[in-house]
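See structure below.
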Amino acid sequence: MTARILDGKTIAERVREDIAQQAKTLSAQGVQPCLAVILVGSDPASAVYVRNKVAACEKAGFRSLKFDYPADAEPAVVLAKIAELNADSSVHGILVQLPLPPQFDEDAVLEAILPTKDVDGFHAENFGMLLQGRESFYPCTPWGVMRMLQEENVKIEGAEAVIIGRSNIVGKPMAVMLLSKGATVTICHSKTKDLTAHLKRADIVVAAVGRPRFVTGAMLKPGAIVIDVGINRLPDGKLCGDVDFDSAKQVASLITPVPGGVGPMTITMLLANTLLSAQRAAAK
Ligand code: GUN
C-alpha cells in the first residue's frame with residue numbers, strides 16, 4: 001500500500017479564504033477581528049512563528065498588534081501589557097509566544113490572559129471547558145488536526161487512536177478531542193514500555209514527540225492514518241517530522257507530510273479562534 005498524502009497546505013488555504021470572507025463581513029459591521037501578539041526575547045524560531053502569525057492576520061483582513069520585549073524584561077511589564085489588552089474591547093485575541101525567558105512563570109502569564117481572549121486555548125479555564133465538552137477556545141494544533149481529519153471524512157467514532165506525546169499544547173488536548181468524537185484513545189510517551197504494541201493496533205496515529213523520524217513504517221498497522229505534528233531541523237538544515245515518511249507511507253493509508261501537513265493548519269486555527277472571539281464580541 002502507498003498512502004495518500006494529506007495536504008495541509010491546500011486545506012489551510014481553503015479554510016483561510018472562508019475566514020477572510022467572514023472577517024470582511026464582520027468588519028463591514030464595524031468589528032474588525034484583532035489579534036495582539038507578545039514576543040519576549042530573541043529566540044529565532046519564535047520570531048519566525050510570530051512573523052508568520054502577524055502576516056497571516058494581515059492576509060485575512062485582521063488587525064494585528066505586535067509587542068516586543070527584550071529577554072531580560074520584567075514580568076510585571078508584560079503582565080501590565082496583558083491587563084491593558086484585556087481591557088481593550090477592540091482586541092479579540094491575545095497570544096504570548098512560548099517559550100518565555102526563565103524569570104517568567106509561564107502558567108501565571110497564560111492565566112493573566114482573559115479566557116475570552118485566549119485564542120491559543122492554553123488558559124486552564126479553557127482546557128477545563130474542553131475536558132468537560134463545553135464550548136471554549138481549542139488549542140490550535142490539535143484543533144487543526146481535527147479539521148484535517150474532518151475534511152478527509154475520516155471516521156473517528158470507534159477508531160483506535162494512539163497519540164505519542166503528552167504535552168499540554170498537543171498531546172493532552174488531542175486526546176480529549178478524539179475522545180469526544182468517539183475514538184478509543186491511548187496516550188503514549190517516553191515512559192511507555194512497548195510503543196510498537198500500541199501502534200500496531202492504531203487506526204489513527206498522532207505523533208508529537210519532537211524526535212526526528214521516530215515512528216517508522218514497521219511500527220504501524222497497515223492502513224493506519226498517520227498525522228505528524230513534529231517539526232525537527234536536521235543537521236543539514238532540512239525539516240523533518242516525527243515520522244519516517246518514506247517507510248511510513250508504504251504502510252499507512254493516509255499520511256501528512258512535513259512540511260506542508262499539520263503546520264499550515266496551526267496558524268489557520270489561530271485565525272479561526274480570533275474570528276470566533278470577534279464574532280462573540282460582536283454578538284454581545
Ligand atoms: N510556541 C510554540 N507553539 C506555540 C503556540 O502554538 N502558541 C504559542 N503562544 N507559543 C508557542
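Here, A, B, ... name the chains of the C-alpha cells in the order displayed, residue numbers run from 1 inside each chain, and ligands are numbered from 1 in the same displayed order.
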Give the residues close to ligand 1, within 8 Å, counting only C-alpha atoms and all ligand atoms; write them as an MDAnalysis selection string. chainID A and resid 46 49 95:99 120 139:141 169 266
Could you please take those selected residues and save N, CA and C atoms as a CSV table (one decimal), in the first residue's frame?
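Resulting contents of part-v1.csv:
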```
chain,number,residue,atom,x,y,z
A,46,SER,N,11.0,31.5,17.5
A,46,SER,CA,9.8,32.2,18.0
A,46,SER,C,9.5,33.4,17.1
A,49,TYR,N,7.8,32.3,14.0
A,49,TYR,CA,6.4,32.0,14.2
A,49,TYR,C,5.6,33.2,14.3
A,95,LEU,N,-2.0,36.6,22.4
A,95,LEU,CA,-1.2,35.5,22.3
A,95,LEU,C,0.2,35.8,22.8
A,96,VAL,N,0.7,35.1,23.8
A,96,VAL,CA,2.1,35.3,24.3
A,96,VAL,C,2.9,34.1,23.7
A,97,GLN,N,3.8,34.4,22.9
A,97,GLN,CA,4.6,33.3,22.3
A,97,GLN,C,5.5,32.6,23.3
A,98,LEU,N,5.4,31.3,23.3
A,98,LEU,CA,6.2,30.5,24.2
A,98,LEU,C,7.4,29.9,23.4
A,99,PRO,N,8.5,29.6,24.1
A,99,PRO,CA,8.8,29.7,25.5
A,99,PRO,C,9.1,31.1,25.9
A,120,ASP,N,-5.1,31.0,21.9
A,120,ASP,CA,-4.2,29.8,21.9
A,120,ASP,C,-4.9,28.6,22.6
A,139,PRO,N,-7.0,24.5,21.6
A,139,PRO,CA,-5.6,24.7,21.2
A,139,PRO,C,-5.5,24.5,19.7
A,140,CYS,N,-4.7,25.4,19.0
A,140,CYS,CA,-4.8,25.4,17.6
A,140,CYS,C,-4.2,24.2,16.9
A,141,THR,N,-3.1,23.6,17.4
A,141,THR,CA,-2.6,22.5,16.6
A,141,THR,C,-3.5,21.3,16.6
A,169,ILE,N,0.1,21.3,25.1
A,169,ILE,CA,-0.3,22.1,23.9
A,169,ILE,C,-0.8,21.1,22.8
A,266,THR,N,-2.1,25.1,11.9
A,266,THR,CA,-2.0,25.7,13.3
A,266,THR,C,-2.3,27.2,13.2
```
Just asking: which residues within stretch 31-198 of chain A are strand (DSSP E) according to DSSP, as a VMD selection string? chain A and resid 34 to 40 63 to 69 93 to 96 160 to 164 184 to 188
The selected residues should be written to file as an mmCIF file, in the first residue's frame (atoms: C-alpha atoms).
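Okay, part29.cif is ready:
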```
data_model
loop_
_atom_site.group_PDB
_atom_site.id
_atom_site.type_symbol
_atom_site.label_atom_id
_atom_site.label_comp_id
_atom_site.auth_asym_id
_atom_site.auth_seq_id
_atom_site.Cartn_x
_atom_site.Cartn_y
_atom_site.Cartn_z
ATOM 1 C CA CYS A 34 -7.817 41.891 16.043
ATOM 2 C CA LEU A 35 -5.022 39.709 17.408
ATOM 3 C CA ALA A 36 -2.338 41.025 19.777
ATOM 4 C CA VAL A 37 0.918 39.060 19.829
ATOM 5 C CA ILE A 38 3.546 39.386 22.550
ATOM 6 C CA LEU A 39 7.108 38.214 21.932
ATOM 7 C CA VAL A 40 9.700 38.231 24.699
ATOM 8 C CA ARG A 63 -5.876 43.907 12.519
ATOM 9 C CA SER A 64 -2.766 42.771 14.365
ATOM 10 C CA LEU A 65 -0.706 44.306 17.129
ATOM 11 C CA LYS A 66 2.794 43.146 17.964
ATOM 12 C CA PHE A 67 4.660 43.869 21.193
ATOM 13 C CA ASP A 68 8.350 43.002 21.514
ATOM 14 C CA TYR A 69 10.228 42.832 24.804
ATOM 15 C CA GLY A 93 -7.245 37.656 20.852
ATOM 16 C CA ILE A 94 -4.070 37.819 22.955
ATOM 17 C CA LEU A 95 -1.176 35.468 22.326
ATOM 18 C CA VAL A 96 2.071 35.273 24.271
ATOM 19 C CA GLU A 160 -8.352 3.152 17.942
ATOM 20 C CA ALA A 161 -6.269 6.334 18.229
ATOM 21 C CA VAL A 162 -2.730 6.437 19.591
ATOM 22 C CA ILE A 163 -1.131 9.760 20.424
ATOM 23 C CA ILE A 164 2.593 9.865 21.050
ATOM 24 C CA THR A 184 -10.721 4.881 21.915
ATOM 25 C CA VAL A 185 -7.641 6.847 22.858
ATOM 26 C CA THR A 186 -4.225 5.795 24.156
ATOM 27 C CA ILE A 187 -1.588 8.379 25.043
ATOM 28 C CA CYS A 188 1.948 7.029 24.738
#
```
Just list as a ChimeraX atom specification whatever in stretch 41-190 of chain A DSSP marks as alpha helix (DSSP H). /A:44-59,75-87,106-112,124-131,140-151,171-180
Skipping near chain neighbours, those fewer than 2 positions away, what residues fall within 12 Å of A:Gly30 using only C-alpha atoms, listed as a PyMOL selection string? chain A and resi 23-28+32-33+90+278-279+281-283
Polymer residues at most 9 Å from A:Ala124, only C-alpha atoms, same-chain spacing of 2 or more positions, as a PyMOL selection string: chain A and resi 107+110-111+115+121-122+126-129
For N, CA and C atoms, I'd like the residues from the last selection saved as an mmCIF file, in the first residue's frame.
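Writing done, so here's result02.cif:
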```cif
data_model
loop_
_atom_site.group_PDB
_atom_site.id
_atom_site.type_symbol
_atom_site.label_atom_id
_atom_site.label_comp_id
_atom_site.auth_asym_id
_atom_site.auth_seq_id
_atom_site.Cartn_x
_atom_site.Cartn_y
_atom_site.Cartn_z
ATOM 1 N N ASP A 107 2.847 29.702 33.481
ATOM 2 C CA ASP A 107 1.427 29.472 33.822
ATOM 3 C C ASP A 107 0.766 30.773 34.256
ATOM 4 N N LEU A 110 0.079 32.939 31.196
ATOM 5 C CA LEU A 110 -1.049 32.441 30.381
ATOM 6 C C LEU A 110 -2.370 32.683 31.101
ATOM 7 N N GLU A 111 -2.337 32.576 32.412
ATOM 8 C CA GLU A 111 -3.585 32.759 33.145
ATOM 9 C C GLU A 111 -3.948 34.228 33.392
ATOM 10 N N PRO A 115 -9.798 34.530 29.681
ATOM 11 C CA PRO A 115 -10.164 33.313 28.940
ATOM 12 C C PRO A 115 -10.940 33.603 27.657
ATOM 13 N N GLY A 121 -5.925 28.923 23.388
ATOM 14 C CA GLY A 121 -6.591 27.841 24.123
ATOM 15 C C GLY A 121 -5.721 27.231 25.205
ATOM 16 N N PHE A 122 -4.792 28.028 25.759
ATOM 17 C CA PHE A 122 -3.851 27.494 26.758
ATOM 18 C C PHE A 122 -4.290 27.774 28.198
ATOM 19 N N ASN A 126 -10.022 27.347 29.842
ATOM 20 C CA ASN A 126 -10.408 26.826 28.521
ATOM 21 C C ASN A 126 -10.098 25.338 28.397
ATOM 22 N N PHE A 127 -8.972 24.919 28.988
ATOM 23 C CA PHE A 127 -8.637 23.489 28.938
ATOM 24 C C PHE A 127 -9.660 22.674 29.734
ATOM 25 N N GLY A 128 -10.084 23.221 30.872
ATOM 26 C CA GLY A 128 -11.112 22.555 31.674
ATOM 27 C C GLY A 128 -12.429 22.456 30.915
ATOM 28 N N MET A 129 -12.784 23.528 30.203
ATOM 29 C CA MET A 129 -14.017 23.527 29.407
ATOM 30 C C MET A 129 -13.930 22.457 28.315
#
```
Considering only C-alpha atoms, return as a PyMOL selection string whatever protein or nucleic-acid residues lie within 8 Å of stretch 221-231 of chain A, sequence-local ones (same chain, fewer than 6 positions apart) excluded. chain A and resi 1+3+145+199-212+239-243+251-259+261-263
Export, as a short mmCIF file (atom, residue, chain, number, x, y, z; two decimals), in the first residue's frame, the selected residues with N, CA, C and O atoms.
```cif
data_model
loop_
_atom_site.label_atom_id
_atom_site.label_comp_id
_atom_site.auth_asym_id
_atom_site.auth_seq_id
_atom_site.Cartn_x
_atom_site.Cartn_y
_atom_site.Cartn_z
N MET A 1 0.85 -1.21 0.00
CA MET A 1 0.00 0.00 0.00
C MET A 1 0.88 1.25 0.00
O MET A 1 1.90 1.29 0.67
N ALA A 3 0.45 5.27 0.78
CA ALA A 3 -0.53 6.17 1.40
C ALA A 3 -0.84 7.37 0.49
O ALA A 3 0.03 7.83 -0.26
N VAL A 145 -5.62 19.50 13.50
CA VAL A 145 -5.61 18.07 13.14
C VAL A 145 -7.05 17.58 12.99
O VAL A 145 -7.39 16.88 12.03
N LEU A 199 1.02 0.94 18.78
CA LEU A 199 0.88 1.44 17.41
C LEU A 199 0.30 0.38 16.47
O LEU A 199 -0.45 0.70 15.55
N LYS A 200 0.63 -0.87 16.70
CA LYS A 200 0.15 -1.95 15.82
C LYS A 200 -1.38 -2.09 15.85
O LYS A 200 -1.96 -2.71 14.98
N ARG A 201 -2.01 -1.50 16.90
CA ARG A 201 -3.48 -1.56 17.00
C ARG A 201 -4.13 -0.26 16.54
O ARG A 201 -5.35 -0.15 16.52
N ALA A 202 -3.33 0.73 16.18
CA ALA A 202 -3.88 2.07 15.97
C ALA A 202 -4.37 2.32 14.56
O ALA A 202 -3.62 2.18 13.58
N ASP A 203 -5.65 2.75 14.46
CA ASP A 203 -6.20 3.18 13.17
C ASP A 203 -5.77 4.61 12.87
O ASP A 203 -5.64 5.00 11.72
N ILE A 204 -5.61 5.39 13.94
CA ILE A 204 -5.17 6.79 13.79
C ILE A 204 -3.95 6.98 14.71
O ILE A 204 -4.01 6.64 15.89
N VAL A 205 -2.89 7.52 14.15
CA VAL A 205 -1.68 7.80 14.95
C VAL A 205 -1.39 9.29 14.86
O VAL A 205 -1.38 9.86 13.76
N VAL A 206 -1.19 9.93 16.01
CA VAL A 206 -0.76 11.32 16.01
C VAL A 206 0.61 11.36 16.70
O VAL A 206 0.72 11.03 17.89
N ALA A 207 1.63 11.75 15.97
CA ALA A 207 2.99 11.77 16.53
C ALA A 207 3.36 13.19 16.91
O ALA A 207 3.38 14.09 16.06
N ALA A 208 3.62 13.40 18.19
CA ALA A 208 4.01 14.73 18.69
C ALA A 208 5.05 14.55 19.77
O ALA A 208 4.84 14.87 20.94
N VAL A 209 6.18 13.98 19.38
CA VAL A 209 7.25 13.67 20.34
C VAL A 209 8.45 14.59 20.24
O VAL A 209 9.21 14.71 21.19
N GLY A 210 8.65 15.19 19.07
CA GLY A 210 9.82 16.04 18.89
C GLY A 210 11.10 15.26 18.68
O GLY A 210 12.18 15.71 19.05
N ARG A 211 10.98 14.06 18.08
CA ARG A 211 12.18 13.27 17.75
C ARG A 211 12.13 12.90 16.27
O ARG A 211 11.19 12.26 15.82
N PRO A 212 13.17 13.33 15.52
CA PRO A 212 13.12 13.16 14.06
C PRO A 212 12.93 11.70 13.65
O PRO A 212 13.64 10.83 14.14
N LEU A 239 13.98 20.27 7.18
CA LEU A 239 12.96 19.96 8.19
C LEU A 239 12.48 18.53 8.02
O LEU A 239 12.38 18.03 6.90
N CYS A 240 12.21 17.87 9.14
CA CYS A 240 11.54 16.57 9.04
C CYS A 240 10.62 16.41 10.23
O CYS A 240 10.73 17.10 11.24
N GLY A 241 9.70 15.48 10.10
CA GLY A 241 8.72 15.25 11.16
C GLY A 241 9.17 14.20 12.16
O GLY A 241 10.33 13.79 12.18
N ASP A 242 8.23 13.77 12.99
CA ASP A 242 8.48 12.70 13.96
C ASP A 242 8.29 11.33 13.33
O ASP A 242 8.52 10.31 13.97
N VAL A 243 7.78 11.33 12.09
CA VAL A 243 7.50 10.08 11.39
C VAL A 243 8.51 9.93 10.26
O VAL A 243 8.83 10.90 9.57
N VAL A 251 3.06 1.87 4.36
CA VAL A 251 2.20 1.05 5.23
C VAL A 251 0.86 1.76 5.51
O VAL A 251 -0.19 1.13 5.59
N ALA A 252 0.92 3.08 5.63
CA ALA A 252 -0.27 3.87 6.01
C ALA A 252 -1.23 4.00 4.82
O ALA A 252 -0.86 3.71 3.67
N SER A 253 -2.47 4.44 5.12
CA SER A 253 -3.41 4.72 4.02
C SER A 253 -3.47 6.22 3.74
O SER A 253 -3.80 6.65 2.63
N LEU A 254 -3.17 7.02 4.76
CA LEU A 254 -3.23 8.48 4.64
C LEU A 254 -2.14 9.03 5.56
O LEU A 254 -2.00 8.59 6.70
N ILE A 255 -1.37 9.99 5.07
CA ILE A 255 -0.24 10.49 5.89
C ILE A 255 -0.02 11.97 5.61
O ILE A 255 -0.17 12.45 4.48
N THR A 256 0.35 12.71 6.66
CA THR A 256 0.66 14.13 6.47
C THR A 256 2.17 14.29 6.25
O THR A 256 2.97 13.67 6.93
N PRO A 257 2.56 15.14 5.30
CA PRO A 257 3.99 15.41 5.11
C PRO A 257 4.49 16.47 6.08
O PRO A 257 3.69 17.16 6.71
N VAL A 258 5.80 16.60 6.20
CA VAL A 258 6.42 17.71 6.93
C VAL A 258 7.54 18.23 6.04
O VAL A 258 8.44 17.46 5.69
N PRO A 259 7.53 19.48 5.65
CA PRO A 259 6.50 20.49 5.92
C PRO A 259 5.27 20.30 5.01
O PRO A 259 5.28 19.43 4.14
N GLY A 261 2.03 19.75 6.11
CA GLY A 261 0.96 18.93 6.67
C GLY A 261 0.21 19.70 7.74
O GLY A 261 -0.58 20.61 7.44
N VAL A 262 0.51 19.36 9.01
CA VAL A 262 -0.19 19.99 10.13
C VAL A 262 0.20 21.46 10.29
O VAL A 262 -0.63 22.29 10.66
N GLY A 263 1.45 21.79 10.00
CA GLY A 263 1.98 23.14 10.23
C GLY A 263 1.06 24.25 9.76
O GLY A 263 0.68 25.12 10.55
#
```
Out of A:Ala175, A:Ala47, A:Val54, A:Ala20, which residue has the shortest atom-to-atom distance to A:Ile267 when counting only C-alpha atoms?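 For A:Ile267, the nearest of the candidates is A:Val54.
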With a distance cut-off of 9 Å and only C-alpha atoms, select the neighbouring residues of A:Glu13, excluding the residue or stretch itself and same-chain residues fewer than 3 positions from it, and output the selection as a compact mmCIF listing (two decimals) with all heavy atoms, in the first residue's frame.
```
# COMPACT_ATOMS: atom_id res chain seq x y z
N GLY A 8 -2.00 19.52 3.99
CA GLY A 8 -2.48 20.54 4.92
C GLY A 8 -2.47 21.94 4.31
O GLY A 8 -3.29 22.78 4.67
N LYS A 9 -1.54 22.15 3.39
CA LYS A 9 -1.41 23.49 2.81
C LYS A 9 -2.68 23.86 2.04
O LYS A 9 -3.20 24.97 2.18
CB LYS A 9 -0.19 23.50 1.87
CG LYS A 9 0.43 24.82 1.66
CD LYS A 9 1.87 24.69 1.20
CE LYS A 9 2.30 26.00 0.59
NZ LYS A 9 2.12 26.06 -0.87
N THR A 10 -3.17 22.93 1.24
CA THR A 10 -4.37 23.19 0.43
C THR A 10 -5.59 23.37 1.32
O THR A 10 -6.40 24.29 1.11
CB THR A 10 -4.59 22.04 -0.57
OG1 THR A 10 -3.40 21.92 -1.37
CG2 THR A 10 -5.77 22.30 -1.48
N ARG A 16 -8.67 29.35 5.22
CA ARG A 16 -8.32 30.77 5.41
C ARG A 16 -9.13 31.68 4.51
O ARG A 16 -9.47 32.81 4.88
CB ARG A 16 -6.82 30.99 5.16
CG ARG A 16 -5.99 30.48 6.31
CD ARG A 16 -4.54 30.88 6.19
NE ARG A 16 -3.67 29.95 6.88
CZ ARG A 16 -2.40 30.16 7.16
NH1 ARG A 16 -1.83 31.29 6.80
NH2 ARG A 16 -1.69 29.25 7.79
N GLU A 17 -9.46 31.21 3.29
CA GLU A 17 -10.30 32.03 2.41
C GLU A 17 -11.68 32.24 3.04
O GLU A 17 -12.22 33.34 3.01
CB GLU A 17 -10.46 31.35 1.05
CG GLU A 17 -9.32 31.66 0.10
CD GLU A 17 -9.33 30.79 -1.14
OE1 GLU A 17 -10.41 30.29 -1.52
OE2 GLU A 17 -8.24 30.59 -1.70
N ASP A 18 -12.19 31.18 3.62
CA ASP A 18 -13.50 31.26 4.27
C ASP A 18 -13.43 32.22 5.47
O ASP A 18 -14.32 33.05 5.68
CB ASP A 18 -13.91 29.84 4.70
CG ASP A 18 -15.23 29.85 5.43
OD1 ASP A 18 -16.17 30.48 4.92
OD2 ASP A 18 -15.32 29.25 6.53
N PRO A 264 0.68 24.25 8.46
CA PRO A 264 -0.17 25.36 7.98
C PRO A 264 -1.52 25.45 8.67
O PRO A 264 -2.17 26.49 8.63
CB PRO A 264 -0.35 25.03 6.48
CG PRO A 264 0.70 24.05 6.14
CD PRO A 264 1.06 23.32 7.40
N MET A 265 -1.95 24.33 9.29
CA MET A 265 -3.26 24.35 9.95
C MET A 265 -3.23 25.06 11.29
O MET A 265 -4.24 25.59 11.76
CB MET A 265 -3.78 22.91 10.16
CG MET A 265 -4.18 22.20 8.89
SD MET A 265 -5.42 23.10 7.94
CE MET A 265 -6.88 22.89 8.95
N THR A 268 -3.86 28.66 10.87
CA THR A 268 -5.23 28.77 10.37
C THR A 268 -6.23 28.73 11.53
O THR A 268 -7.19 29.51 11.58
CB THR A 268 -5.51 27.62 9.38
OG1 THR A 268 -4.54 27.68 8.34
CG2 THR A 268 -6.90 27.72 8.78
```
